Each structure stands twice: as structure tokens, then as C-alpha cells.
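**Q** The following block contains the structure, expressed as C-alpha cells.
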2 protein chains.
Amino acid sequence: MKFLVVDDDKAIVEAVTIGLQFQWQDAEVHAAADGEEGLRLFLDLTPDVTLLDVNMPYMSGFEVLQKIREVSDAPVLMLTARGDEMSKVKGLEMGADDYMVKPFSHLELFARIKAVLRRSELPAPVSAAPSFVSGDIAINFDGHEVTVKGQPIKLTPTEYKLLYQLVRNAGRVLPFDMLLSKVWGDEYRGDMDYLKTYISRLRKKLGDDSENPRYILTERAVGYRFARVAAAT
Amino acid sequence: MKFLVVDDDKAIVEAVTIGLQFQWQDAEVHAAADGEEGLRLFLDLTPDVTLLDVNMPYMSGFEVLQKIREVSDAPVLMLTARGDEMSKVKGLEMGADDYMVKPFSHLELFARIKAVLRRSELPAPVSAAPSFVSGDIAINFDGHEVTVKGQPIKLTPTEYKLLYQLVRNAGRVLPFDMLLSKVWGDEYRGDMDYLKTYISRLRKKLGDDSENPRYILTERAVGYRFARVAAAT
DNA sequence: AAACGTGATTACGGGTTTGAAACGCCAAGA
DNA sequence: TCTTGGCGTTTCAAACCCGTAATCACGTTT
């Protein structure tokens, strides 16, 4: 879940950021301190939810909201110190999804964000096409599906996680320690035994030959690298 | 536009009614003075928007909301004299779209109703989607009707919600925690027992074999996935 | 009042995955 | 050629994960 927080009050940004990361484990929070920067980040990042302060230098929250609504229907919650009616009504009429007056409770903010997300979360089109293809291997990340020469193969969770890390960084050498910490956890750094075992299992399932590997290449004393191979026609 | 106002304070009902009729010329406003009547009217009328007071005789607004959410996703705004945090958060978590504390400005109320309507009317593709078909299974989202090989089967509300989540994201792995939070609520994250039981029941009713499932596939240690199957001709 | 349907919990069995160790092989350097 | 460090493979028992049946509590219906 990607959030954008636009507010010139650093204390608020920080507090909200921490709260969001606590509520959504996969929260990716970006922050902007003024309207212009906020709009730029919005266009760049296309966040899932935007929290927008009204009173800001350079460009007010209303202006930012207007620009956002010209190109996007993404959920926007306005935050403001002013509690007056017309400001609220104006924000909502302009297309904001909710409007909160500072100071607000974090619990309420999160509950309102969830309420808005419930409504706006479209069924997010699931593409049937694999999201990664290399040689005979195709991977659909949405469905955790891996096929070799069109045949689906079964991977255990750990095998999948390892393959995922390799493929995500295809073409780049991943140091052993980095793979260990990403797949097993930080405390497993240096424990080559796991890696050796699982790389071997992966190669077997992918039909790769360690003597002459096509996919998982070994960089001696450094790490592994997933080969970027032209898709088989 | 059909509204339902549930509140035991006649003055509020009357004022809101007049306001609604002023704002929406084609407004059709129904009123109920207590929770039971409110629920009954809701089921009878299927209003476009429901305004629900929390403190009412016989059946609290929370109870009414819960019952409503078992069968419908229609927009609900809670109204209350109590302004305390937990009450707001509870209402929003239970599926309310907004939560206003009395006394409130009519302008703000209408602005919020409009904001909620904007959101809830958009997912036209969902409600318009005639039905979902996969293999021998056909689902009519509008009527909550599910048929297997042409035979209609009865699902309990919880079973339906679970199936709905799976089908809505057919082809995508849904993590256990996500299913738990969507079907039972955020506070149930980690409680695998519910999921296991209901998945088992669903599979039985759908005629699916867990050893070799056609529809609900298990991604060990990750989640469940509804198979994307070509419709049986 | 009794039967029923539903949702919430618990307990248990079977299969799969994982961790850990042992062994084997190759390549680089002495 | 020998040695050693670095990587690959296999094996097996313990741990874990999932499916299902059984039970309980509660509210509704007959």
C-alpha cells in the first residue's frame, strides 16, 4: 500500500508515517512539505491514498486537490486546522473523500482511511499474462505461478521466495548474504548451507544444469545471478 | 435517489428529510424511529443511502449496521451524539462509510453523502458484471446466488463473503491475513482456524476436492487462490 | 419447547517442507 | 600434483502446515 502525506508540519508527517507503517505492514509512505512538491510526487508515484493538508505554502491543498482530480480518482483525505463549515464542504465538493480536522485521533484517521479504501478498491484487474519471462521460464507473480516450457511446476514457499528475489533482480549479482537476509532473515547471514541446498533444489525444478546453468549463474565467492534470457518464441 | 433515515429523534428526522428533498429533487426519503424498524425498512426498500443513528431503542445502530453488512454493501453514514473515539472507530471498522457527530451542519452532511455516493456509484463494472463463471460454477453477485452445474446452492453470509473475496481476485493469491481481515475484520489476523474451517465448507459445497482442487487452490504458508478456469461451454 | 441453522473453537491426523549434516566434486593456487 | 576453499547434491527426522470432524454456544424457527 502506497501512501502520500502532504503537510508542512513535520511533526504531523512523522507521527502519521509511523502510524501508517504500524497499521499496514507493507506501507510505503512518501512525504511532501508543500503543495507543489506534493503534486509532483503524486504524479510521479500514483499513491493508493493521499493525505492532504489544506494550509500550505506555494500551493494550497485545494489547488492540489483540483489538479489531482483532473487526472485521477485516487482516494484523497483532507487534513486541516481550520474547522469551519465552508472549508469542509468545499473540500468534499471538490472531490475529497473525507475531511478531518486537526487535532485528530490516529485511530480515527486509520479507520477513515480503511473506510475509503473499502469503497475505492476496484477489483484490480488480474492479468493472465505472466509478469516475467526468461527463456523457457515464465512467472506470474500475482498467482505465484511458475511454468517451465508451459508446464506448471510446484515450488515450496522458501523456493519461491528465493526465486522471486533472484528474478526481481535479474541480470544483477546478488551477494550471498543479501539473499540469506531477504529470504531467511537477517540473522541467517553467513549460513551458506541453506543457500546451497535451495539453489540446488531450484535448479532441479527449473531444469537447470549446475555445470552449465542457463538461468541461475554462480559468481564464485560473491553471489548468484539470474540470467536475463531472450524469451523463447 | 432513495434515502433511509433511522433515528428516534423526530426533530432530526424531519430536518434531515426536508434538507434531502431540497438537495435532491427526486429524493424519496423513508424514516424509521428505532433499530428494528430501520432494519426491516432497509431490507424492504434497499435504499441508495442509509443514515443511521447509534443510540436507539430495541436495536442499536451498530447492530443494525452489522445486519445490513451481512447482506449489502450499500452506503451507510452513522450519526451520533456521542463523539468518543472508540465509537467512531467501531462504526467505521464495522463497515460504515462515514461517521458524523451531532449536532452537525446540514451542508456538511450533504457534502459527505455526495462524497460517499461518488465512490460507491463508480464500481459500475462490479455491480453491472452479470455474473462470474468458472468451470461448473456460476455466481450472480447481485442476488448473492451461486450455482454448481446449474444447481443453486445455499451459502451462509460468511461463506459467501469468503467466496466473493476469492472470486473477485480470481487468479491472484490472497494471503491468509488479507482474507481474514476482509471477511472477519482486522482484529482476526492470524486466526487461521476460521479460514481453514470455512475453506473446507466452501469446498464441500462447491464440490471441490482438497486433494486435487479445481477451484480453491492452496498456496502453502501464503494464502488461497481461486483458479482461473475457462467457462464450461 | 424442541429442532434447526449458523458461527466459533478445539483437537487430531497426514502429508509436505525445512533444517542440518554428510559427502562429493571442481577449480585455483602452491 | 597436491591441497584447500568453495560450491553442489543427497538424505532423513523433526517441525510445520493444512484439512476435517466433532463440539459448543447462540439465536431463530417450527
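Every chain in the C-alpha cells takes a letter, A first, then B, and so on in the order presented; its residues are numbered from 1, and the ligands are numbered from 1 following the presented order.
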As a PDB file with C-alpha atoms, in the first residue's frame, could you give me every residue of chain A near chain D (at most 8 Å apart, counting only C-alpha atoms (C1' of nucleotides))?

**A**
```pdb
ATOM      1  CA  LYS A 196      23.414 -24.163  -1.425  1.00  0.00           C
ATOM      2  CA  THR A 197      20.599 -26.541  -0.684  1.00  0.00           C
ATOM      3  CA  SER A 200      20.229 -26.867  -5.913  1.00  0.00           C
ATOM      4  CA  SER A 210      24.615 -26.502 -12.443  1.00  0.00           C
ATOM      5  CA  ARG A 220      32.240 -17.592  -7.269  1.00  0.00           C
ATOM      6  CA  ALA A 221      32.841 -16.104  -3.814  1.00  0.00           C
TER       7      ALA A 221
END
```

**Q** Going by DSSP on the backbone, which bits of region 104-154 of chain A are strand (DSSP E)? Write them as a list in words, please.

**A**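 Filtering region 104-154 of chain A to strand (DSSP E) leaves Phe132, Val133, Ser134, Ile137, Ala138, Ile139, Asn140, Glu145, Val146, Thr147, Val148, Gln151, Pro152 and Ile153 of chain A.
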
**Q** Matching each Cα of chain B to the same-order Cα of chain A and superposing by least squares, what RMSD do you find?

**A**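 After superposition, the RMSD is 16.4 Å.
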
**Q** Write out, as a Markdown table, each residue of chain C that has an atom at most 10 Å from chain B, together with the closest pair of atoms and their distance in Å to one decimal, counting only C-alpha atoms (C1' of nucleotides), rows going by chain and rising number.

**A**
```
| residue | atom | partner | partner_atom | distance |
| --- | --- | --- | --- | --- |
| C:DG5 | C1' | B:Thr156 | CA | 9.4 |
| C:DT6 | C1' | B:Thr156 | CA | 7.5 |
| C:DG7 | C1' | B:Thr158 | CA | 8.5 |
| C:DA8 | C1' | B:Tyr194 | CA | 7.9 |
| C:DT9 | C1' | B:Asp193 | CA | 8.1 |
| C:DT10 | C1' | B:Asp193 | CA | 9.3 |
| C:DT16 | C1' | B:Arg220 | CA | 9.3 |
| C:DT17 | C1' | B:Arg220 | CA | 9.6 |
```

**Q** Any chance you can output those residues with C-alpha atoms (C1' of nucleotides) as a compact mmCIF listing (two decimals), in the first residue's frame?

**A**
```txt
# COMPACT_ATOMS: atom_id res chain seq x y z
C1' DG C 5 -29.01 -23.48 11.16
C1' DT C 6 -25.10 -20.81 11.82
C1' DG C 7 -20.79 -19.32 13.53
C1' DA C 8 -16.97 -20.05 16.77
C1' DT C 9 -13.49 -23.31 18.69
C1' DT C 10 -10.89 -27.20 19.52
C1' DT C 16 4.91 -31.67 2.96
C1' DT C 17 8.68 -28.62 3.92
```

**Q** Which residues in region 33-202 of chain A does DSSP call alpha helix (DSSP H)? List them as a PyMOL selection string.

**A** chain A and resi 35-45+61-71+85-93+106-120+157-168+176-183+192-202

**Q** Counting only C-alpha atoms, which residues in chain A sit no more than 6 Å from chain B? For each one, give the nearest pair of atoms and the distance in Å, sorted by chain then residue number, as a tab-separated table.

**A**
```
residue	atom	partner	partner_atom	distance
A:Val89	CA	B:Glu108	CA	5.5
A:Leu92	CA	B:Ala111	CA	5.8
A:Asp97	CA	B:Ala115	CA	5.7
A:Glu108	CA	B:Val89	CA	5.5
A:Ala111	CA	B:Val89	CA	5.7
A:Ala115	CA	B:Asp97	CA	5.7
A:Asp142	CA	B:Arg172	CA	4.8
A:Gly143	CA	B:Arg172	CA	4.4
```

**Q** So how far away is CA of Met59 (chain A) from CA of Phe42 (chain A), in Å?

**A**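 CA of Met59 (chain A) lies 14.0 Å from CA of Phe42 (chain A).
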
**Q** Val54 (chain A): which residues within 6 Å, counting only C-alpha atoms (C1' of nucleotides), same-chain residues fewer than 5 positions away excluded, as a PyMOL selection string?

**A** chain A and resi 60-61+80

**Q** With N, CA and C atoms kept, could you save the residues just selected as a CSV table (one decimal), in the first residue's frame?

**A**
```
chain,number,residue,atom,x,y,z
A,60,SER,N,-2.1,25.8,-2.2
A,60,SER,CA,-3.0,25.3,-1.1
A,60,SER,C,-3.4,23.9,-1.4
A,61,GLY,N,-3.9,23.2,-0.4
A,61,GLY,CA,-4.4,21.9,-0.5
A,61,GLY,C,-5.5,21.8,-1.6
A,80,THR,N,-7.0,19.4,8.1
A,80,THR,CA,-6.9,20.9,8.3
A,80,THR,C,-7.0,21.3,9.7
```

**Q** Find the residues near Gly83 (chain B): any atom within 9 Å, counting only C-alpha atoms (C1' of nucleotides), skip ones fewer than 5 places away on the same chain, and give them as a PyMOL selection string.

**A** chain B and resi 88+100-102

**Q** CA of Leu195 (chain B) to CA of Leu162 (chain A): how many Å, to one decimal?

**A** 27.0 Å

**Q** Just give me the gap between CA of Glu159 (chain B) and CA of Phe3 (chain B) in Å, one decimal is fine.

**A**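 Computing it gives 29.3 Å between the two atoms.
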